[in-house]
>>> print(open('protein01.txt').read())   # compact mmCIF, C-alpha atoms
# COMPACT_ATOMS: atom_id res chain seq x y z
CA MET J 1 0.00 0.00 0.00
CA PRO J 2 1.36 3.49 -0.79
CA ASP J 3 2.46 5.80 2.03
CA THR J 4 -0.32 8.26 1.21
CA LEU J 5 -3.63 8.14 -0.56
CA PRO J 6 -3.45 9.28 -4.19
CA THR J 7 -4.29 12.89 -4.84
CA SER J 8 -5.59 14.63 -7.93
CA SER J 9 -7.65 17.62 -8.98
CA VAL J 10 -10.69 15.43 -9.56
CA SER J 11 -13.11 14.04 -7.02
CA PRO J 12 -11.89 10.99 -5.10
CA THR J 13 -13.84 7.82 -5.81
CA TYR J 14 -15.73 5.76 -3.28
CA GLU J 15 -12.98 3.14 -3.57
CA MET J 16 -10.56 5.47 -1.74
CA PHE J 17 -12.44 6.02 1.52
CA GLY J 18 -14.25 3.62 3.80
CA ALA J 19 -13.32 -0.04 4.26
CA HIS J 20 -12.16 -2.14 1.30
CA LEU J 21 -11.21 -5.79 1.45
CA HIS J 22 -8.23 -7.21 -0.42
CA ASP J 23 -6.34 -10.47 -0.35
CA GLY J 24 -5.33 -10.98 3.27
CA GLY J 25 -7.00 -8.01 4.90
CA CYS J 26 -8.76 -4.68 4.67
CA ARG J 27 -7.75 -1.10 3.96
CA PHE J 28 -9.50 1.57 6.03
CA ALA J 29 -9.39 5.26 5.12
CA LEU J 30 -11.07 8.28 6.72
CA TRP J 31 -10.96 11.95 5.79
CA ALA J 32 -10.46 14.00 8.98
CA PRO J 33 -8.51 17.12 7.93
CA ARG J 34 -8.11 18.83 11.31
CA ALA J 35 -7.69 15.76 13.50
CA GLU J 36 -4.46 15.29 15.46
CA ARG J 37 -4.89 11.55 15.85
CA VAL J 38 -7.35 8.93 14.57
CA GLU J 39 -7.90 5.44 15.96
CA LEU J 40 -9.52 2.61 14.03
CA VAL J 41 -11.69 0.60 16.40
CA LEU J 42 -12.45 -3.02 15.54
CA VAL J 43 -15.46 -4.18 17.55
CA SER J 44 -16.28 -7.80 18.37
CA PHE J 45 -19.79 -9.16 18.87
CA ASP J 46 -19.46 -8.81 22.64
CA ARG J 47 -18.56 -5.10 22.10
CA THR J 48 -14.93 -5.49 23.14
CA GLN J 49 -12.67 -3.19 21.15
CA THR J 50 -9.26 -3.25 19.54
CA ASN J 51 -7.97 0.27 18.90
CA THR J 52 -5.12 0.99 16.48
CA ASP J 53 -3.69 4.35 15.46
CA MET J 54 -4.10 5.24 11.80
CA GLU J 55 -1.46 6.94 9.67
CA ARG J 56 -1.99 10.45 8.36
CA GLY J 57 -1.61 10.78 4.62
CA THR J 58 -2.10 13.76 2.32
CA ASN J 59 -5.04 16.16 2.31
CA GLY J 60 -6.26 15.09 5.74
CA ALA J 61 -6.77 11.44 4.82
CA TRP J 62 -5.99 8.84 7.49
CA GLN J 63 -5.37 5.21 6.56
CA LEU J 64 -4.57 1.79 7.94
CA ASP J 65 -4.20 -1.66 6.41
CA VAL J 66 -5.24 -4.46 8.77
CA PRO J 67 -4.48 -8.10 7.95
CA GLY J 68 -7.05 -10.79 8.63
CA VAL J 69 -10.15 -8.59 8.51
CA ARG J 70 -13.10 -10.18 6.74
CA ALA J 71 -16.56 -9.19 5.57
CA GLY J 72 -18.92 -8.61 8.48
CA GLN J 73 -16.26 -7.02 10.69
CA ILE J 74 -17.74 -4.28 12.89
CA TYR J 75 -15.74 -1.07 13.22
CA GLY J 76 -15.74 2.63 14.04
CA TYR J 77 -13.37 5.54 14.62
CA ARG J 78 -12.17 7.67 17.51
CA VAL J 79 -11.01 11.08 16.36
CA HIS J 80 -8.71 13.19 18.53
CA GLY J 81 -8.15 16.93 18.34
CA PRO J 82 -8.83 20.19 20.18
CA TRP J 83 -12.09 20.84 21.95
CA ASN J 84 -12.63 24.41 20.77
CA PRO J 85 -16.28 25.11 19.87
CA ASP J 86 -15.37 28.74 19.15
CA ASP J 87 -13.55 27.46 16.05
CA GLY J 88 -15.99 24.71 15.13
CA MET J 89 -13.84 22.02 16.76
CA ARG J 90 -15.74 19.48 18.84
CA PHE J 91 -13.25 16.61 18.84
CA ASN J 92 -14.06 14.08 21.53
CA PRO J 93 -12.39 10.64 21.31
CA ALA J 94 -14.80 9.28 23.92
CA LYS J 95 -17.41 9.14 21.18
CA LEU J 96 -17.19 6.18 18.81
CA LEU J 97 -17.95 7.45 15.30
CA LEU J 98 -19.55 5.90 12.26
CA ASP J 99 -17.59 5.84 8.99
CA PRO J 100 -19.21 8.34 6.56
CA TYR J 101 -18.37 5.88 3.75
CA ALA J 102 -19.69 2.78 5.55
CA ARG J 103 -21.55 0.57 3.08
CA ALA J 104 -23.57 -1.12 5.82
CA ILE J 105 -24.58 -0.09 9.33
CA THR J 106 -25.72 -2.18 12.26
CA ALA J 107 -27.01 -1.55 15.80
CA GLY J 108 -28.82 1.63 16.76
CA VAL J 109 -28.89 4.66 19.04
CA ASP J 110 -29.51 4.34 22.77
CA TYR J 111 -31.01 7.74 23.46
CA HIS J 112 -30.57 7.21 27.20
CA GLY J 113 -26.85 6.64 26.73
CA PRO J 114 -23.87 9.04 26.53
CA ILE J 115 -24.37 9.92 22.86
CA LEU J 116 -23.79 13.67 23.28
CA ASP J 117 -20.31 15.12 22.91
CA HIS J 118 -21.15 17.68 25.61
CA THR J 119 -22.38 17.66 29.17
CA SER J 120 -26.00 18.05 30.24
CA GLN J 121 -25.07 21.38 31.81
CA SER J 122 -23.53 22.99 28.70
CA ASN J 123 -23.46 22.39 24.94
CA PHE J 124 -19.88 23.70 24.95
CA GLU J 125 -18.26 21.56 27.67
CA PRO J 126 -17.08 18.07 26.65
CA ASP J 127 -18.53 14.87 28.05
CA THR J 128 -15.85 12.18 28.37
CA THR J 129 -18.13 9.16 28.83
CA ASP J 130 -17.55 6.40 26.29
CA SER J 131 -20.43 6.06 23.82
CA ALA J 132 -19.39 2.75 22.23
CA ALA J 133 -22.26 0.68 23.63
CA CYS J 134 -24.91 3.18 22.55
CA VAL J 135 -24.25 4.07 18.91
CA PRO J 136 -24.61 2.57 15.41
CA LEU J 137 -21.58 0.75 14.05
CA SER J 138 -19.96 0.41 10.61
CA ILE J 139 -19.69 -2.93 8.79
CA VAL J 140 -17.02 -4.14 6.38
CA VAL J 141 -18.80 -5.26 3.20
CA ALA J 142 -17.37 -7.50 0.49
CA ASP J 143 -17.67 -6.37 -3.11
CA SER J 144 -20.41 -8.09 -5.08
CA PRO J 145 -21.80 -7.77 -8.60
CA ALA J 146 -24.03 -4.81 -9.39
CA PRO J 147 -27.71 -5.49 -10.15
CA GLU J 148 -28.79 -6.26 -13.67
CA PRO J 149 -29.20 -2.99 -15.58
CA ILE J 150 -32.56 -2.03 -16.96
CA ALA J 151 -32.94 -2.63 -20.70
CA ARG J 152 -33.96 0.97 -21.32
CA ARG J 153 -34.21 4.07 -19.16
CA ARG J 154 -37.20 6.02 -20.31
CA PRO J 155 -37.13 9.78 -20.79
CA MET J 156 -39.07 11.67 -18.18
CA ASP J 157 -41.97 12.44 -20.53
CA GLU J 158 -42.58 8.70 -20.93
CA SER J 159 -42.27 7.91 -17.23
CA VAL J 160 -45.03 6.92 -14.81
CA ILE J 161 -43.47 7.22 -11.35
CA TYR J 162 -44.96 5.55 -8.28
CA GLU J 163 -43.70 7.03 -4.99
CA MET J 164 -43.64 4.39 -2.26
CA HIS J 165 -42.33 3.53 1.19
CA VAL J 166 -40.33 0.29 1.36
CA LYS J 167 -41.83 -0.77 4.68
CA GLY J 168 -45.31 0.64 4.29
CA TYR J 169 -46.08 -0.65 0.81
CA THR J 170 -45.96 -4.32 1.78
CA ARG J 171 -46.53 -4.19 5.55
CA THR J 172 -50.07 -5.60 5.27
CA HIS J 173 -49.91 -6.98 1.73
CA PRO J 174 -51.94 -10.21 1.74
CA LEU J 175 -49.92 -11.86 -1.03
CA VAL J 176 -46.47 -11.16 0.45
CA PRO J 177 -45.23 -13.74 2.99
CA ASP J 178 -45.35 -12.34 6.49
CA HIS J 179 -41.60 -12.63 7.06
CA LEU J 180 -40.89 -10.53 3.95
CA ARG J 181 -43.37 -7.74 4.56
CA GLY J 182 -41.78 -4.34 5.06
CA THR J 183 -38.48 -5.33 3.45
CA TYR J 184 -36.56 -4.98 0.20
CA ALA J 185 -37.35 -8.64 -0.51
CA GLY J 186 -41.03 -7.97 0.09
CA LEU J 187 -41.03 -5.12 -2.40
CA ALA J 188 -39.41 -7.42 -4.96
CA TYR J 189 -42.01 -10.15 -4.43
CA PRO J 190 -43.62 -11.24 -7.74
CA ALA J 191 -47.16 -10.26 -6.73
CA VAL J 192 -46.01 -6.71 -5.96
CA ILE J 193 -44.13 -6.26 -9.22
CA GLU J 194 -46.95 -7.80 -11.27
CA HIS J 195 -49.37 -5.28 -9.77
CA LEU J 196 -47.09 -2.36 -10.58
CA VAL J 197 -46.60 -3.55 -14.15
CA GLY J 198 -50.36 -3.90 -14.50
CA LEU J 199 -50.81 -0.29 -13.39
CA GLY J 200 -48.40 0.85 -16.12
CA VAL J 201 -45.73 2.02 -13.66
CA THR J 202 -42.33 2.58 -15.30
CA ALA J 203 -40.39 3.72 -12.21
CA VAL J 204 -40.66 3.43 -8.45
CA GLU J 205 -39.44 6.34 -6.34
CA LEU J 206 -38.48 4.93 -2.96
CA LEU J 207 -38.81 7.17 0.06
CA PRO J 208 -35.45 7.40 1.85
CA VAL J 209 -33.51 4.16 2.03
CA HIS J 210 -30.16 5.61 3.09
CA HIS J 211 -29.62 4.37 6.63
CA PHE J 212 -31.44 6.74 8.99
CA VAL J 213 -32.07 7.25 12.69
CA SER J 214 -34.87 8.78 14.73
CA GLU J 215 -34.71 12.29 16.14
CA PRO J 216 -34.38 12.61 19.93
CA PHE J 217 -37.65 14.56 20.22
CA CYS J 218 -39.48 11.68 18.51
CA VAL J 219 -37.96 9.11 20.83
CA ALA J 220 -38.81 11.24 23.88
CA LYS J 221 -42.48 10.98 22.86
CA GLY J 222 -42.30 7.22 22.43
CA LEU J 223 -42.26 7.56 18.65
CA ARG J 224 -39.77 6.84 15.90
CA ASN J 225 -38.96 8.26 12.49
CA TYR J 226 -41.03 6.33 9.96
CA TRP J 227 -40.43 8.30 6.76
CA GLY J 228 -36.62 8.20 6.83
CA TYR J 229 -35.70 11.85 6.26
CA ASN J 230 -32.91 11.77 8.84
CA THR J 231 -29.93 10.17 7.11
CA LEU J 232 -26.91 8.89 9.00
CA GLY J 233 -25.16 6.87 6.26
CA PHE J 234 -25.10 8.05 2.65
CA PHE J 235 -23.67 4.78 1.31
CA ALA J 236 -25.63 2.26 3.39
CA PRO J 237 -29.09 0.86 2.65
CA HIS J 238 -31.32 1.12 5.72
CA ALA J 239 -30.69 -2.03 7.74
CA ALA J 240 -34.19 -2.41 9.19
CA TYR J 241 -35.61 -2.97 5.69
CA CYS J 242 -33.60 -6.19 5.28
CA SER J 243 -35.36 -9.49 5.96
CA VAL J 244 -32.31 -11.52 6.96
CA GLY J 245 -29.72 -9.41 8.81
CA SER J 246 -27.77 -6.18 9.21
CA LEU J 247 -24.13 -7.27 8.80
CA GLY J 248 -24.00 -6.60 5.07
CA GLN J 249 -26.99 -8.70 4.04
CA GLN J 250 -28.93 -5.47 3.46
CA VAL J 251 -26.62 -4.65 0.54
CA ASP J 252 -27.26 -7.94 -1.26
CA GLU J 253 -31.01 -7.82 -0.61
CA PHE J 254 -31.25 -4.27 -1.98
CA LYS J 255 -29.37 -5.31 -5.12
CA ALA J 256 -31.67 -8.29 -5.63
CA MET J 257 -34.68 -5.96 -5.35
CA VAL J 258 -33.25 -3.64 -8.02
CA THR J 259 -32.64 -6.58 -10.33
CA ALA J 260 -36.25 -7.74 -9.90
CA PHE J 261 -37.58 -4.30 -10.82
CA HIS J 262 -35.24 -3.99 -13.78
CA ARG J 263 -36.27 -7.35 -15.18
CA ALA J 264 -39.85 -6.04 -15.15
CA GLY J 265 -38.81 -2.84 -16.98
CA ILE J 266 -39.21 -0.65 -13.89
CA GLU J 267 -36.58 1.94 -13.00
CA VAL J 268 -35.57 2.59 -9.38
CA ILE J 269 -35.32 6.20 -8.23
CA LEU J 270 -34.21 7.11 -4.70
CA ASP J 271 -35.49 9.98 -2.58
CA VAL J 272 -32.19 11.17 -1.09
CA VAL J 273 -31.51 13.49 1.85
CA TYR J 274 -28.10 15.12 1.47
CA ASN J 275 -29.17 18.48 2.89
CA HIS J 276 -28.67 17.51 6.55
CA THR J 277 -27.78 14.49 8.70
CA GLY J 278 -29.35 12.66 11.60
CA GLU J 279 -26.99 14.28 14.11
CA GLY J 280 -29.15 17.44 14.22
CA GLY J 281 -27.68 20.61 15.68
CA HIS J 282 -24.63 20.69 17.94
CA GLU J 283 -26.86 20.07 20.94
CA GLY J 284 -27.82 16.69 19.45
CA PRO J 285 -26.05 13.32 19.35
CA THR J 286 -22.53 12.97 17.99
CA LEU J 287 -22.55 9.82 15.89
CA SER J 288 -20.27 10.55 12.92
CA PHE J 289 -19.71 13.79 10.99
CA ARG J 290 -19.66 16.27 13.88
CA GLY J 291 -17.02 14.29 15.71
CA ILE J 292 -14.86 14.01 12.58
CA ASP J 293 -14.92 17.75 11.85
CA HIS J 294 -17.86 19.91 12.86
CA SER J 295 -16.97 23.02 10.89
CA THR J 296 -16.09 21.17 7.69
CA TYR J 297 -19.12 18.94 7.28
CA TYR J 298 -21.69 21.47 8.52
CA ARG J 299 -22.52 25.10 7.82
CA LEU J 300 -21.83 27.28 10.85
CA ASN J 301 -22.82 30.80 11.83
CA GLU J 302 -20.21 33.52 11.98
CA ASP J 303 -19.57 32.72 15.65
CA ARG J 304 -18.33 29.25 14.52
CA ARG J 305 -20.19 27.73 17.49
CA ASP J 306 -23.74 27.38 16.21
CA ASP J 307 -25.08 25.57 13.15
CA TYR J 308 -26.41 27.62 10.23
CA ASP J 309 -29.66 25.79 9.65
CA VAL J 310 -31.53 26.24 6.36
CA THR J 311 -33.21 22.82 6.58
CA GLY J 312 -35.20 23.09 9.81
CA CYS J 313 -33.50 19.91 10.98
CA GLY J 314 -30.72 21.35 13.15
CA ASN J 315 -27.83 21.24 10.67
CA SER J 316 -27.07 21.82 6.99
CA LEU J 317 -24.45 19.84 5.10
CA ASP J 318 -21.84 22.20 3.64
CA THR J 319 -21.39 21.34 -0.04
CA SER J 320 -19.32 24.49 -0.54
CA GLN J 321 -16.50 22.41 1.00
CA PRO J 322 -14.95 20.50 -1.92
CA GLU J 323 -14.36 17.32 0.06
CA VAL J 324 -17.92 17.28 1.41
CA LEU J 325 -19.22 17.76 -2.12
CA ASP J 326 -16.93 14.91 -3.19
CA MET J 327 -18.58 12.68 -0.58
CA VAL J 328 -22.05 13.48 -1.93
CA LEU J 329 -20.96 12.82 -5.51
CA ASP J 330 -19.17 9.63 -4.48
CA SER J 331 -22.37 8.46 -2.81
CA LEU J 332 -24.45 9.18 -5.91
CA ARG J 333 -21.98 7.37 -8.17
CA TYR J 334 -21.92 4.41 -5.80
CA TRP J 335 -25.71 4.05 -5.85
CA VAL J 336 -25.74 4.17 -9.65
CA THR J 337 -22.74 1.97 -10.48
CA GLN J 338 -22.82 -0.51 -7.59
CA MET J 339 -26.43 -0.49 -6.38
CA GLY J 340 -28.02 -0.09 -9.80
CA VAL J 341 -30.37 2.85 -9.29
CA ASP J 342 -31.64 4.98 -12.15
CA GLY J 343 -32.13 8.42 -10.63
CA PHE J 344 -32.59 10.59 -7.59
CA ARG J 345 -35.14 12.93 -6.07
CA PHE J 346 -33.22 15.47 -3.95
CA ASP J 347 -34.89 16.52 -0.72
CA LEU J 348 -34.53 20.28 -0.02
CA ALA J 349 -32.26 20.52 -3.03
CA THR J 350 -31.56 24.25 -2.64
CA THR J 351 -29.34 23.51 0.37
CA LEU J 352 -26.99 21.60 -1.94
CA ILE J 353 -26.37 24.64 -4.15
CA ARG J 354 -25.51 27.18 -1.46
CA ASP J 355 -22.06 28.72 -1.61
CA ALA J 356 -19.53 29.43 1.15
CA ALA J 357 -21.50 32.56 2.16
CA HIS J 358 -24.72 30.46 2.30
CA GLY J 359 -26.08 32.12 -0.85
CA VAL J 360 -27.97 30.22 -3.55
CA ASP J 361 -25.88 29.55 -6.68
CA GLN J 362 -27.62 27.94 -9.65
CA ASN J 363 -24.16 27.44 -11.21
CA HIS J 364 -22.92 25.59 -8.13
CA PRO J 365 -20.26 22.89 -8.64
CA PHE J 366 -22.84 20.33 -7.52
CA LYS J 367 -25.00 21.06 -10.55
CA GLN J 368 -21.99 21.29 -12.84
CA ALA J 369 -20.76 17.88 -11.67
CA LEU J 370 -24.11 16.21 -12.27
CA ALA J 371 -24.31 17.73 -15.74
CA HIS J 372 -20.83 16.63 -16.85
CA ASP J 373 -20.10 13.46 -14.88
CA PRO J 374 -20.10 10.45 -17.25
CA VAL J 375 -22.13 8.40 -14.77
CA LEU J 376 -24.43 10.93 -13.12
CA SER J 377 -25.36 12.75 -16.31
CA GLN J 378 -27.04 9.55 -17.54
CA VAL J 379 -29.66 9.24 -14.77
CA LYS J 380 -32.72 11.21 -13.71
CA HIS J 381 -32.46 14.16 -11.32
CA ILE J 382 -35.56 15.57 -9.63
CA ALA J 383 -35.30 18.59 -7.35
CA GLU J 384 -37.46 19.48 -4.43
CA PRO J 385 -36.54 23.05 -5.38
CA TRP J 386 -36.57 24.82 -2.03
CA ASP J 387 -35.28 24.95 1.52
CA ILE J 388 -36.21 27.31 4.36
CA GLY J 389 -33.19 29.62 4.08
CA PRO J 390 -32.89 33.02 2.35
CA TYR J 391 -33.98 32.82 -1.31
CA GLY J 392 -34.55 29.12 -0.81
CA TYR J 393 -37.62 28.92 -3.05
CA GLN J 394 -36.17 28.07 -6.47
CA VAL J 395 -39.09 26.53 -8.38
CA GLY J 396 -38.52 26.86 -12.13
CA GLN J 397 -34.83 27.77 -11.79
CA TRP J 398 -33.06 24.42 -12.11
CA GLY J 399 -32.72 24.16 -15.88
CA ALA J 400 -33.28 21.66 -18.65
CA ASP J 401 -31.26 18.84 -17.11
CA TRP J 402 -33.57 18.71 -14.12
CA SER J 403 -37.15 17.86 -13.28
CA GLU J 404 -38.75 19.71 -10.37
CA TRP J 405 -41.49 19.28 -7.87
CA ASN J 406 -43.98 22.13 -8.32
CA ASP J 407 -45.98 22.87 -5.18
CA HIS J 408 -48.41 25.23 -6.91
CA PHE J 409 -49.34 22.57 -9.48
CA ARG J 410 -49.61 19.96 -6.73
CA ASP J 411 -51.95 22.12 -4.66
CA HIS J 412 -54.16 22.93 -7.65
CA ILE J 413 -54.45 19.24 -8.55
CA ARG J 414 -55.33 18.37 -4.95
CA ASP J 415 -58.00 21.06 -4.90
CA PHE J 416 -59.39 19.78 -8.21
CA TRP J 417 -59.70 16.23 -6.91
CA ARG J 418 -61.15 17.38 -3.61
CA MET J 419 -63.86 19.28 -5.48
CA ALA J 420 -64.46 16.36 -7.84
CA THR J 421 -64.80 13.80 -5.06
CA CYS J 422 -67.02 16.08 -2.99
CA GLY J 423 -69.31 16.71 -5.93
CA VAL J 424 -68.63 20.46 -5.99
>>> encode(input="protein01.txt", output="structure tokens")
Amino acid sequence: MPDTLPTSSVSPTYEMFGAHLHDGGCRFALWAPRAERVELVLVSFDRTQTNTDMERGTNGAWQLDVPGVRAGQIYGYRVHGPWNPDDGMRFNPAKLLLDPYARAITAGVDYHGPILDHTSQSNFEPDTTDSAACVPLSIVVADSPAPEPIARRRPMDESVIYEMHVKGYTRTHPLVPDHLRGTYAGLAYPAVIEHLVGLGVTAVELLPVHHFVSEPFCVAKGLRNYWGYNTLGFFAPHAAYCSVGSLGQQVDEFKAMVTAFHRAGIEVILDVVYNHTGEGGHEGPTLSFRGIDHSTYYRLNEDRRDDYDVTGCGNSLDTSQPEVLDMVLDSLRYWVTQMGVDGFRFDLATTLIRDAAHGVDQNHPFKQALAHDPVLSQVKHIAEPWDIGPYGYQVGQWGADWSEWNDHFRDHIRDFWRMATCGV
């Protein structure tokens, strides 16, 4: 293995970061540009840990090659550095962190556990209690073939798109076996696909399937996030939608579902949430990105202490940072090339085209990359063309390469059907 990760002027690929198996072991790589030390943590099934220091390479990339690691290995990171919230630094090695490039995630969040990086008395004083027993964990996943491609991707004007929830669509389906209901395998069941084909559906748009967590305020009320708009892992299919396990099986089951749809001539579009993450604001849990580098992954106010929130969800991912934008693009490429999907619907898409001053830029590098990338330019892109920040409402501004949700049209159609069904 080289002493440093390769560098270039183009975006890194998803093969460079995360965990990648090779003959005899696994290479781990994490981007943590302001960290002073990074530990790889290999976790056994009884939650015992083996911590090993990683080596710093170029451009803030940390790396380690570990012999003997196999698929299914559980792991995380501990990232060391200054605790200086006044400069957007909230490094706290007591918090075990998820790999942003993890291709599978297991376990969950214990909201009664020490998942905050700060004390209960102050958001700006560190809590040094170990979080390892209370947080989601990354999984090493073996490479496997991509799903069968669809014979033909239809242009948007020929498409009939059915928006659906993976769990909800089959949860009470009488023709789907009980043990498959609410899963990727249930959605791929022949009776489901035959029904969709009979309706004339040409594409399914799946509500979020990136691995997500519930918000603390939901859990405090005895509820949980059902819809999935609270992403924690941009490369990992949501583990709870797998019928057989969460140690990488969710990847294979998702791919099998895509193949089943493609064989029926149905495209798969994902509703994706890159505008914020499930960590919420700095007062929320530290599970991954905030502990790796708060001020790099998230937009901050001028005081560098507080999150600049244009999503209403506590934080906003900062795609004006080239490496953060690279991560988003890497994720999109991964879902197209390795997971077989045919397009994306971007939740609160305006957040993704804000510049370093938080202004909206319709010529943002994000849009330029999607237009010119040899992979991403070949799939569908649908914008939810707003967020809640200044000038966030951008309906009609995205250009010819994009489709857009139009709330005015939606509301008029709803009113029409309400009047029709009420006999007005």
>>> closest_atom_pairs(input="protein01.txt", of="range 183-264 of chain J", to="range 330-349 of chain J", cutoff="9 Å", atoms="all atoms listed in the file", output="tab-separated table")
residue	atom	partner	partner_atom	distance
J:Ala203	CA	J:Asp342	CA	8.8
J:Glu205	CA	J:Arg345	CA	7.9
J:Tyr229	CA	J:Asp347	CA	8.4
J:Phe234	CA	J:Ser331	CA	6.1
J:Phe235	CA	J:Ser331	CA	5.7
J:Val251	CA	J:Met339	CA	8.1
J:Phe254	CA	J:Met339	CA	7.5
J:Lys255	CA	J:Met339	CA	5.8
J:Val258	CA	J:Gly340	CA	6.6
J:Thr259	CA	J:Gly340	CA	8.0
>>> atom_distance(input="protein01.txt", atom1="CA of Ala94 in chain J", atom2="CA of Asp127 in chain J")
7.9 Å
>>> residues_around(input="protein01.txt", residues="Arg90 in chain J", least_positions_apart="4", cutoff="7 Å", atoms="all atoms listed in the file", output="PDB file with C-alpha atoms, keeping the file's coordinate frame")
ATOM      1  CA  TRP J  83     -12.090  20.840  21.950  1.00  0.00           C
ATOM      2  CA  ASN J  84     -12.630  24.410  20.770  1.00  0.00           C
ATOM      3  CA  PRO J  85     -16.280  25.110  19.870  1.00  0.00           C
ATOM      4  CA  GLY J 291     -17.020  14.290  15.710  1.00  0.00           C
ATOM      5  CA  HIS J 294     -17.860  19.910  12.860  1.00  0.00           C
TER       6      HIS J 294
END
>>> atom_distance(input="protein01.txt", atom1="CA of Gly182 in chain J", atom2="CA of Val219 in chain J")
21.1 Å
>>> closest_residue(input="protein01.txt", among="J:Phe28, J:Phe212, J:Tyr101, J:Phe217", to="His238 in chain J", atoms="all atoms listed in the file")
J:Phe212
>>> closest_residue(input="protein01.txt", among="J:Met257, J:Arg78, J:His372, J:Val140", to="Tyr189 in chain J", atoms="all atoms listed in the file")
J:Met257
>>> decode(input="protein01.txt", residues="range 262-318 of chain J", atoms="C-alpha atoms", output="compact mmCIF listing (two decimals), in the first residue's frame")
# COMPACT_ATOMS: atom_id res chain seq x y z
CA HIS J 262 -35.24 -3.99 -13.78
CA ARG J 263 -36.27 -7.35 -15.18
CA ALA J 264 -39.85 -6.04 -15.15
CA GLY J 265 -38.81 -2.84 -16.98
CA ILE J 266 -39.21 -0.65 -13.89
CA GLU J 267 -36.58 1.94 -13.00
CA VAL J 268 -35.57 2.59 -9.38
CA ILE J 269 -35.32 6.20 -8.23
CA LEU J 270 -34.21 7.11 -4.70
CA ASP J 271 -35.49 9.98 -2.58
CA VAL J 272 -32.19 11.17 -1.09
CA VAL J 273 -31.51 13.49 1.85
CA TYR J 274 -28.10 15.12 1.47
CA ASN J 275 -29.17 18.48 2.89
CA HIS J 276 -28.67 17.51 6.55
CA THR J 277 -27.78 14.49 8.70
CA GLY J 278 -29.35 12.66 11.60
CA GLU J 279 -26.99 14.28 14.11
CA GLY J 280 -29.15 17.44 14.22
CA GLY J 281 -27.68 20.61 15.68
CA HIS J 282 -24.63 20.69 17.94
CA GLU J 283 -26.86 20.07 20.94
CA GLY J 284 -27.82 16.69 19.45
CA PRO J 285 -26.05 13.32 19.35
CA THR J 286 -22.53 12.97 17.99
CA LEU J 287 -22.55 9.82 15.89
CA SER J 288 -20.27 10.55 12.92
CA PHE J 289 -19.71 13.79 10.99
CA ARG J 290 -19.66 16.27 13.88
CA GLY J 291 -17.02 14.29 15.71
CA ILE J 292 -14.86 14.01 12.58
CA ASP J 293 -14.92 17.75 11.85
CA HIS J 294 -17.86 19.91 12.86
CA SER J 295 -16.97 23.02 10.89
CA THR J 296 -16.09 21.17 7.69
CA TYR J 297 -19.12 18.94 7.28
CA TYR J 298 -21.69 21.47 8.52
CA ARG J 299 -22.52 25.10 7.82
CA LEU J 300 -21.83 27.28 10.85
CA ASN J 301 -22.82 30.80 11.83
CA GLU J 302 -20.21 33.52 11.98
CA ASP J 303 -19.57 32.72 15.65
CA ARG J 304 -18.33 29.25 14.52
CA ARG J 305 -20.19 27.73 17.49
CA ASP J 306 -23.74 27.38 16.21
CA ASP J 307 -25.08 25.57 13.15
CA TYR J 308 -26.41 27.62 10.23
CA ASP J 309 -29.66 25.79 9.65
CA VAL J 310 -31.53 26.24 6.36
CA THR J 311 -33.21 22.82 6.58
CA GLY J 312 -35.20 23.09 9.81
CA CYS J 313 -33.50 19.91 10.98
CA GLY J 314 -30.72 21.35 13.15
CA ASN J 315 -27.83 21.24 10.67
CA SER J 316 -27.07 21.82 6.99
CA LEU J 317 -24.45 19.84 5.10
CA ASP J 318 -21.84 22.20 3.64
